[in-house]
Each structure stands twice: as C-alpha cells, then as structure tokens.
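Some notes on the structure that comes next.
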Amino acid sequence: MLQDKVFLDSEGDRWFARNRGALQAFDAGADLPLRLLSLYDLRPERVLEIGAANGFRLAEIQRRTGARAVAVEPSAQAINDGRNEFPSIQFIRGTAHSIPLEDVFDLVIVNFVFHWIDRSSLLRSVAETDRLVRDGGWLMIGDFYPANRMRVRYHHLEDKKIFTFKQNYAETFLASGLYHSVALLTADHGAKRLEATVGESERIGVWLLQKSLTEHFVATEMDGQGG
C-alpha cells in the first residue's frame, strides 16, 4: 500500500487531531513561508497549497493579498474544520500525486509534504506540482534539509513500514532547468526558529523558486535554427 493512501485513509486525520491545538496557536510572524512572502513582497492573485491542513496559512495569505486560495489536503477532518473556519478558501481532498485541478497558480506552496510521499509516487507528485505552477510563477518548498539523504521510521505508525525521507527536494525542480533559486531560509525544526548551526536531522529549509519555461536557457549562435 502506498504511504500516500495511508495518509488519505487515516493518518492524515490522526495528524490533524494531534496538531490541531498548535494550528490554532499559529504564529504567522514565525512561519518561514510567510517570511519569504514578505521578504520578496509577493502578492499572488492565485495561490495553491498542497498539504494545507485546515488552510491556516492560506487564510493569512488571503488576508494580506486578497488572493484566490485553494487547499489540497488528505485529511477529511482538516478540510471540514477549514471549511468552517475559512469559508473563502476552496478545499479539495487529495494527495500530491493526483490533484484534480486544471488551473495554474501564481504561487504553489508544498511545506513539509514531500518527505511523507511514497517513493514510488514521488516523481508523479513532482510533476503534478510543476503542472500547477504557471510560467513565471513561484514555487515554495519547505522540508528537512540534511547534508545526506536520510530515511527515518515514522514513529506514529510503528506497526507499519512507513518512513519519512529527508532530502533536498528543491534540487529535483532545479535540475529540470525550469526553475531558478531565488531564496533559501534554514532553521531548526525542533526549536522552531532560525539557527545558524543545527544538527543534520533537525535542519529544515524553505526554498523560493521561480519557474520559467525558456528564460533560464542561454542563447547560442544556433538559437532559433532548426535542430
């Protein structure tokens, strides 16, 4: 069974139940994706968050920018809560590897999602994410940022072979040649704050990337000629 299905069927709800109190006490000033939004004065008209919980971050972005906001989330409980708390946000139940949307967005946020995704559906999830970022739009990725790739047993489900996979997920998008790295903030996951030095297993990063289908390629003398 794909890890994605485990989160869709049950663990997404359990995660939301465990973290609901923390989400209610959400500190927008300490949130790294929102810091990047402010630092670069991004004002998207259409924003999508994949793995949005109850839409707490999207609600703050809407408050600041008036953007149309869409949330994709596997937890039915999180979606029900979000529809009650933030009725202006559109909620869609699903996982990252199959998103029933045809629109493209000025900003797509994937914050602490990729490390949970089953390895057999990772590249499909990357492709789905890319499909939803418009040409010239922004992609924000937050996740663990170890020096080496790490596989860690998911301790909330010790009876199942569920893992988290810690690695630099921005690298995959950058390797395509379609994204430019604009910014990276690093922090301590355990302390929940910016730290200059932090242990490898607790280092996190939030990347801001910009997508361009052609502008990242250097023109040559052969440019424009038949291949």
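Just so we're on the same page: first chain in the structure tokens is A, next is B, and so on; residues restart at 1 for each chain, and ligands are numbered from 1 in the order they show up.
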
For A:Leu42: contacts at 10 Å, only C-alpha atoms, fewer than 2 positions along chain excluded, given as a VMD selection string
chain A and resid 34 36 to 40 44 to 45 61 65 106 to 107 138

Residue selection dump (N, CA and C atoms) as a PDB file, in the first residue's frame:
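The result, stored in part_16.pdb:
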```pdb
ATOM      1  N   LEU A  34       5.722  32.347   5.106  1.00  0.00           N
ATOM      2  CA  LEU A  34       5.184  33.698   5.148  1.00  0.00           C
ATOM      3  C   LEU A  34       6.288  34.743   5.242  1.00  0.00           C
ATOM      4  N   LEU A  36       9.180  34.480   3.719  1.00  0.00           N
ATOM      5  CA  LEU A  36       9.643  34.646   2.339  1.00  0.00           C
ATOM      6  C   LEU A  36       8.653  35.466   1.527  1.00  0.00           C
ATOM      7  N   LEU A  37       7.376  35.235   1.744  1.00  0.00           N
ATOM      8  CA  LEU A  37       6.350  36.009   1.058  1.00  0.00           C
ATOM      9  C   LEU A  37       6.534  37.498   1.333  1.00  0.00           C
ATOM     10  N   SER A  38       6.833  37.834   2.596  1.00  0.00           N
ATOM     11  CA  SER A  38       7.013  39.238   2.974  1.00  0.00           C
ATOM     12  C   SER A  38       8.339  39.799   2.471  1.00  0.00           C
ATOM     13  N   LEU A  39       9.404  39.013   2.616  1.00  0.00           N
ATOM     14  CA  LEU A  39      10.730  39.493   2.208  1.00  0.00           C
ATOM     15  C   LEU A  39      10.777  39.870   0.740  1.00  0.00           C
ATOM     16  N   TYR A  40      10.080  39.120  -0.090  1.00  0.00           N
ATOM     17  CA  TYR A  40      10.109  39.372  -1.533  1.00  0.00           C
ATOM     18  C   TYR A  40       8.841  40.054  -2.023  1.00  0.00           C
ATOM     19  N   PRO A  44       0.554  37.197  -4.849  1.00  0.00           N
ATOM     20  CA  PRO A  44      -0.087  36.333  -5.844  1.00  0.00           C
ATOM     21  C   PRO A  44      -1.591  36.581  -5.906  1.00  0.00           C
ATOM     22  N   GLU A  45      -2.135  36.432  -7.109  1.00  0.00           N
ATOM     23  CA  GLU A  45      -3.590  36.526  -7.268  1.00  0.00           C
ATOM     24  C   GLU A  45      -4.248  35.162  -7.079  1.00  0.00           C
ATOM     25  N   ILE A  61      -2.441  34.396   3.977  1.00  0.00           N
ATOM     26  CA  ILE A  61      -2.073  34.935   2.669  1.00  0.00           C
ATOM     27  C   ILE A  61      -3.252  35.681   2.054  1.00  0.00           C
ATOM     28  N   THR A  65      -3.177  39.568   0.874  1.00  0.00           N
ATOM     29  CA  THR A  65      -3.123  39.837  -0.564  1.00  0.00           C
ATOM     30  C   THR A  65      -4.473  39.815  -1.268  1.00  0.00           C
ATOM     31  N   ASP A 106      -0.194  31.404  -9.437  1.00  0.00           N
ATOM     32  CA  ASP A 106       0.953  32.308  -9.315  1.00  0.00           C
ATOM     33  C   ASP A 106       1.936  31.814  -8.261  1.00  0.00           C
ATOM     34  N   LEU A 107       1.403  31.152  -7.226  1.00  0.00           N
ATOM     35  CA  LEU A 107       2.232  30.622  -6.145  1.00  0.00           C
ATOM     36  C   LEU A 107       1.694  29.269  -5.721  1.00  0.00           C
ATOM     37  N   TRP A 138       5.703  31.197  -8.927  1.00  0.00           N
ATOM     38  CA  TRP A 138       6.588  30.911  -7.803  1.00  0.00           C
ATOM     39  C   TRP A 138       6.234  29.569  -7.177  1.00  0.00           C
TER      40      TRP A 138
END
```

Quick one: which stretch 164-221 of chain A residues come within 12 Å of stretch 121-131 of chain A, and what is the nearest atom pair for each with the distance in Å to one decimal, counting only C-alpha atoms, rows ordered by chain and ascending number, as JSON lines?
```
{"residue": "A:Phe165", "atom": "CA", "partner": "A:Leu122", "partner_atom": "CA", "distance": 10.6}
{"residue": "A:Tyr169", "atom": "CA", "partner": "A:Val126", "partner_atom": "CA", "distance": 9.1}
{"residue": "A:Ala170", "atom": "CA", "partner": "A:Val126", "partner_atom": "CA", "distance": 10.0}
{"residue": "A:Glu171", "atom": "CA", "partner": "A:Val126", "partner_atom": "CA", "distance": 11.1}
{"residue": "A:Thr172", "atom": "CA", "partner": "A:Val126", "partner_atom": "CA", "distance": 8.0}
{"residue": "A:Phe173", "atom": "CA", "partner": "A:Val126", "partner_atom": "CA", "distance": 7.8}
{"residue": "A:Leu174", "atom": "CA", "partner": "A:Asp130", "partner_atom": "CA", "distance": 11.3}
{"residue": "A:Ser176", "atom": "CA", "partner": "A:Asp130", "partner_atom": "CA", "distance": 10.4}
{"residue": "A:Leu178", "atom": "CA", "partner": "A:Asp130", "partner_atom": "CA", "distance": 9.4}
{"residue": "A:Tyr179", "atom": "CA", "partner": "A:Asp130", "partner_atom": "CA", "distance": 9.7}
{"residue": "A:Leu209", "atom": "CA", "partner": "A:Asp130", "partner_atom": "CA", "distance": 11.2}
{"residue": "A:Gln210", "atom": "CA", "partner": "A:Asp130", "partner_atom": "CA", "distance": 11.0}
{"residue": "A:Lys211", "atom": "CA", "partner": "A:Asp130", "partner_atom": "CA", "distance": 8.7}
{"residue": "A:Ser212", "atom": "CA", "partner": "A:Asp130", "partner_atom": "CA", "distance": 11.0}
{"residue": "A:Leu213", "atom": "CA", "partner": "A:Asp130", "partner_atom": "CA", "distance": 11.0}
```

Write out the residues from the selection above, keeping N, CA and C atoms, as a tab-separated table (two decimals), in the first residue's frame.
```
chain	number	residue	atom	x	y	z
A	165	PHE	N	11.31	10.60	4.45
A	165	PHE	CA	12.51	10.65	3.62
A	165	PHE	C	13.00	12.09	3.58
A	169	TYR	N	14.53	18.59	-1.64
A	169	TYR	CA	13.57	18.39	-2.72
A	169	TYR	C	13.60	19.50	-3.76
A	170	ALA	N	14.15	20.66	-3.41
A	170	ALA	CA	14.29	21.73	-4.40
A	170	ALA	C	15.22	21.31	-5.52
A	171	GLU	N	16.19	20.45	-5.22
A	171	GLU	CA	17.15	20.01	-6.23
A	171	GLU	C	16.47	19.39	-7.44
A	172	THR	N	15.41	18.64	-7.22
A	172	THR	CA	14.72	17.97	-8.33
A	172	THR	C	14.15	18.99	-9.30
A	173	PHE	N	13.54	20.04	-8.77
A	173	PHE	CA	12.98	21.08	-9.63
A	173	PHE	C	14.08	21.88	-10.32
A	174	LEU	N	15.14	22.19	-9.60
A	174	LEU	CA	16.23	22.96	-10.19
A	174	LEU	C	16.94	22.19	-11.29
A	176	SER	N	15.72	20.36	-13.47
A	176	SER	CA	14.95	20.38	-14.72
A	176	SER	C	15.36	21.52	-15.64
A	178	LEU	N	14.04	24.39	-15.37
A	178	LEU	CA	12.85	25.23	-15.50
A	178	LEU	C	12.63	26.16	-14.30
A	179	TYR	N	13.48	26.02	-13.28
A	179	TYR	CA	13.32	26.81	-12.07
A	179	TYR	C	14.63	27.50	-11.71
A	209	LEU	N	11.47	29.33	-5.33
A	209	LEU	CA	11.92	29.11	-6.71
A	209	LEU	C	10.99	29.85	-7.65
A	210	GLN	N	11.53	30.31	-8.77
A	210	GLN	CA	10.70	30.90	-9.82
A	210	GLN	C	10.78	30.05	-11.07
A	211	LYS	N	9.64	29.82	-11.68
A	211	LYS	CA	9.55	28.98	-12.87
A	211	LYS	C	9.63	29.82	-14.14
A	212	SER	N	10.39	29.33	-15.11
A	212	SER	CA	10.40	29.93	-16.44
A	212	SER	C	10.68	28.83	-17.44
A	213	LEU	N	9.82	28.68	-18.43
A	213	LEU	CA	9.96	27.59	-19.39
A	213	LEU	C	11.13	27.79	-20.34
```

Near-A:Arg35 list (12 Å; only C-alpha atoms; drop same-chain fewer than 2 positions) as a PyMOL selection string:
chain A and resi 27-33+37-42+57+60-61+140+183-186+193-194+206-208

Now that the selection is made, can you save its residues with C-alpha atoms as a CSV table (one decimal), in the first residue's frame?
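Generated file (part36.csv):
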```csv
chain,number,residue,atom,x,y,z
A,27,ASP,CA,2.2,32.4,14.7
A,28,ALA,CA,2.3,34.0,11.3
A,29,GLY,CA,5.3,36.0,12.2
A,30,ALA,CA,7.4,32.9,12.8
A,31,ASP,CA,6.2,31.0,9.7
A,32,LEU,CA,9.1,30.6,7.2
A,33,PRO,CA,6.9,30.5,4.0
A,37,LEU,CA,6.4,36.0,1.1
A,38,SER,CA,7.0,39.2,3.0
A,39,LEU,CA,10.7,39.5,2.2
A,40,TYR,CA,10.1,39.4,-1.5
A,41,ASP,CA,6.8,41.3,-1.4
A,42,LEU,CA,5.0,38.5,-3.3
A,57,ARG,CA,-1.5,29.6,6.2
A,60,GLU,CA,-3.2,34.6,6.3
A,61,ILE,CA,-2.1,34.9,2.7
A,140,MET,CA,7.8,27.5,-2.3
A,183,ALA,CA,16.0,32.3,-1.8
A,184,LEU,CA,16.6,29.8,1.0
A,185,LEU,CA,15.8,30.1,4.7
A,186,THR,CA,17.2,27.5,7.1
A,193,ARG,CA,13.4,29.2,15.0
A,194,LEU,CA,16.2,30.4,12.7
A,206,VAL,CA,12.3,26.7,2.8
A,207,TRP,CA,13.1,27.5,-0.8
A,208,LEU,CA,11.6,30.1,-3.0
```

Could you pull out the helix (DSSP H, G or I) residues of stretch 38-179 of chain A, going by DSSP on the backbone, and write them as a ChimeraX atom specification?
/A:38-39,56-65,76-85,114-116,119-131,155-157,170-175

Selection file, C-alpha atoms, as a compact mmCIF listing (two decimals), in the first residue's frame:
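Listing of result_10.txt after writing:
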```txt
# COMPACT_ATOMS: atom_id res chain seq x y z
CA SER A 38 7.01 39.24 2.97
CA LEU A 39 10.73 39.49 2.21
CA PHE A 56 -4.40 28.28 8.34
CA ARG A 57 -1.50 29.60 6.20
CA LEU A 58 -3.67 30.26 3.15
CA ALA A 59 -6.05 32.29 5.31
CA GLU A 60 -3.18 34.59 6.30
CA ILE A 61 -2.07 34.93 2.67
CA GLN A 62 -5.63 35.81 1.70
CA ARG A 63 -5.77 38.40 4.46
CA ARG A 64 -2.58 40.03 3.19
CA THR A 65 -3.12 39.84 -0.56
CA ALA A 76 -11.26 14.97 5.79
CA GLN A 77 -11.27 16.30 9.36
CA ALA A 78 -8.87 19.11 8.46
CA ILE A 79 -10.99 20.02 5.45
CA ASN A 80 -14.21 20.09 7.49
CA ASP A 81 -12.54 22.30 10.07
CA GLY A 82 -11.13 24.58 7.38
CA ARG A 83 -14.46 24.99 5.62
CA ASN A 84 -15.97 26.15 8.90
CA GLU A 85 -13.08 28.41 9.89
CA PHE A 114 7.43 15.64 0.13
CA HIS A 115 9.18 13.74 2.94
CA TRP A 116 5.99 11.73 3.59
CA ARG A 119 8.97 6.87 -3.20
CA SER A 120 7.03 5.16 -5.99
CA SER A 121 4.85 8.25 -6.43
CA LEU A 122 7.44 10.94 -5.71
CA LEU A 123 8.15 11.91 -9.31
CA ARG A 124 4.45 11.91 -10.14
CA SER A 125 4.00 14.31 -7.22
CA VAL A 126 6.82 16.49 -8.51
CA ALA A 127 5.21 16.53 -11.97
CA GLU A 128 1.78 17.38 -10.53
CA THR A 129 3.28 20.23 -8.54
CA ASP A 130 5.12 21.60 -11.56
CA ARG A 131 1.98 21.32 -13.71
CA HIS A 155 7.19 6.73 14.86
CA HIS A 156 3.44 7.36 14.95
CA LEU A 157 2.83 4.15 12.99
CA ALA A 170 14.29 21.73 -4.40
CA GLU A 171 17.15 20.01 -6.23
CA THR A 172 14.72 17.97 -8.33
CA PHE A 173 12.98 21.08 -9.63
CA LEU A 174 16.23 22.96 -10.19
CA ALA A 175 17.73 20.04 -12.12
```

Residues of stretch 139-193 of chain A in strand (DSSP E) according to DSSP, as a list in words?
Leu139, Met140, Ile141, Gly142, Asp143, Phe144, Met150, Arg151, Val152, Arg153, Phe163, Thr164, Phe165, Lys166, Tyr179, His180, Ser181, Val182, Ala183, Leu184, Leu185, Thr186, Ala187 and Asp188 of chain A

Atom CA of A:Gly199 to atom CA of A:Ala147 measures 9.9 Å

So which residues touch A:Lys160 within 12 Å, counting only C-alpha atoms, skipping near sequence neighbours fewer than 3 positions away, as a list in words?
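Counting only the stated atoms, we get Met1, Leu2, Gln3, Val6, Glu11, Arg153, Tyr154, His155, His156, Leu157 and Phe163 of chain A.
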
For those residues, write N, CA and C atoms to a file as a compact mmCIF listing (two decimals), in the first residue's frame.
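As a result, again-v1.txt now contains:
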```
# COMPACT_ATOMS: atom_id res chain seq x y z
N MET A 1 0.85 -1.20 0.00
CA MET A 1 0.00 0.00 0.00
C MET A 1 0.88 1.25 0.00
N LEU A 2 0.56 2.20 -0.86
CA LEU A 2 1.31 3.44 -0.89
C LEU A 2 1.17 4.19 0.43
N GLN A 3 2.26 4.81 0.86
CA GLN A 3 2.17 5.66 2.05
C GLN A 3 1.12 6.75 1.85
N VAL A 6 -2.19 5.64 3.01
CA VAL A 6 -2.28 5.57 4.46
C VAL A 6 -2.67 6.93 5.03
N GLU A 11 -4.16 8.36 8.51
CA GLU A 11 -3.12 9.07 9.24
C GLU A 11 -3.22 10.59 9.07
N ARG A 153 12.14 5.97 10.28
CA ARG A 153 10.88 5.30 10.57
C ARG A 153 9.88 6.29 11.14
N TYR A 154 8.65 6.25 10.65
CA TYR A 154 7.60 7.15 11.11
C TYR A 154 7.06 6.62 12.43
N HIS A 155 7.40 7.31 13.53
CA HIS A 155 7.19 6.73 14.86
C HIS A 155 5.72 6.69 15.28
N HIS A 156 4.86 7.41 14.59
CA HIS A 156 3.44 7.36 14.95
C HIS A 156 2.75 6.10 14.45
N LEU A 157 3.40 5.39 13.52
CA LEU A 157 2.83 4.15 12.99
C LEU A 157 3.91 3.07 12.99
N PHE A 163 7.77 5.46 6.39
CA PHE A 163 9.00 6.20 6.62
C PHE A 163 8.83 7.66 6.24
```

When you draw a straight line from atom CA of A:Leu48 to atom CA of A:Thr164, how long is it in Å?
23.3 Å

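Distances from A:Arg14, A:Lys166, A:Arg20, A:His180 to A:Arg151 were compared using only C-alpha atoms, and the smallest one belongs to A:Lys166.
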
Work out how far apart atom CA of A:Phe112 and atom CA of A:Gly21 are and give it in Å to one decimal.
18.1 Å
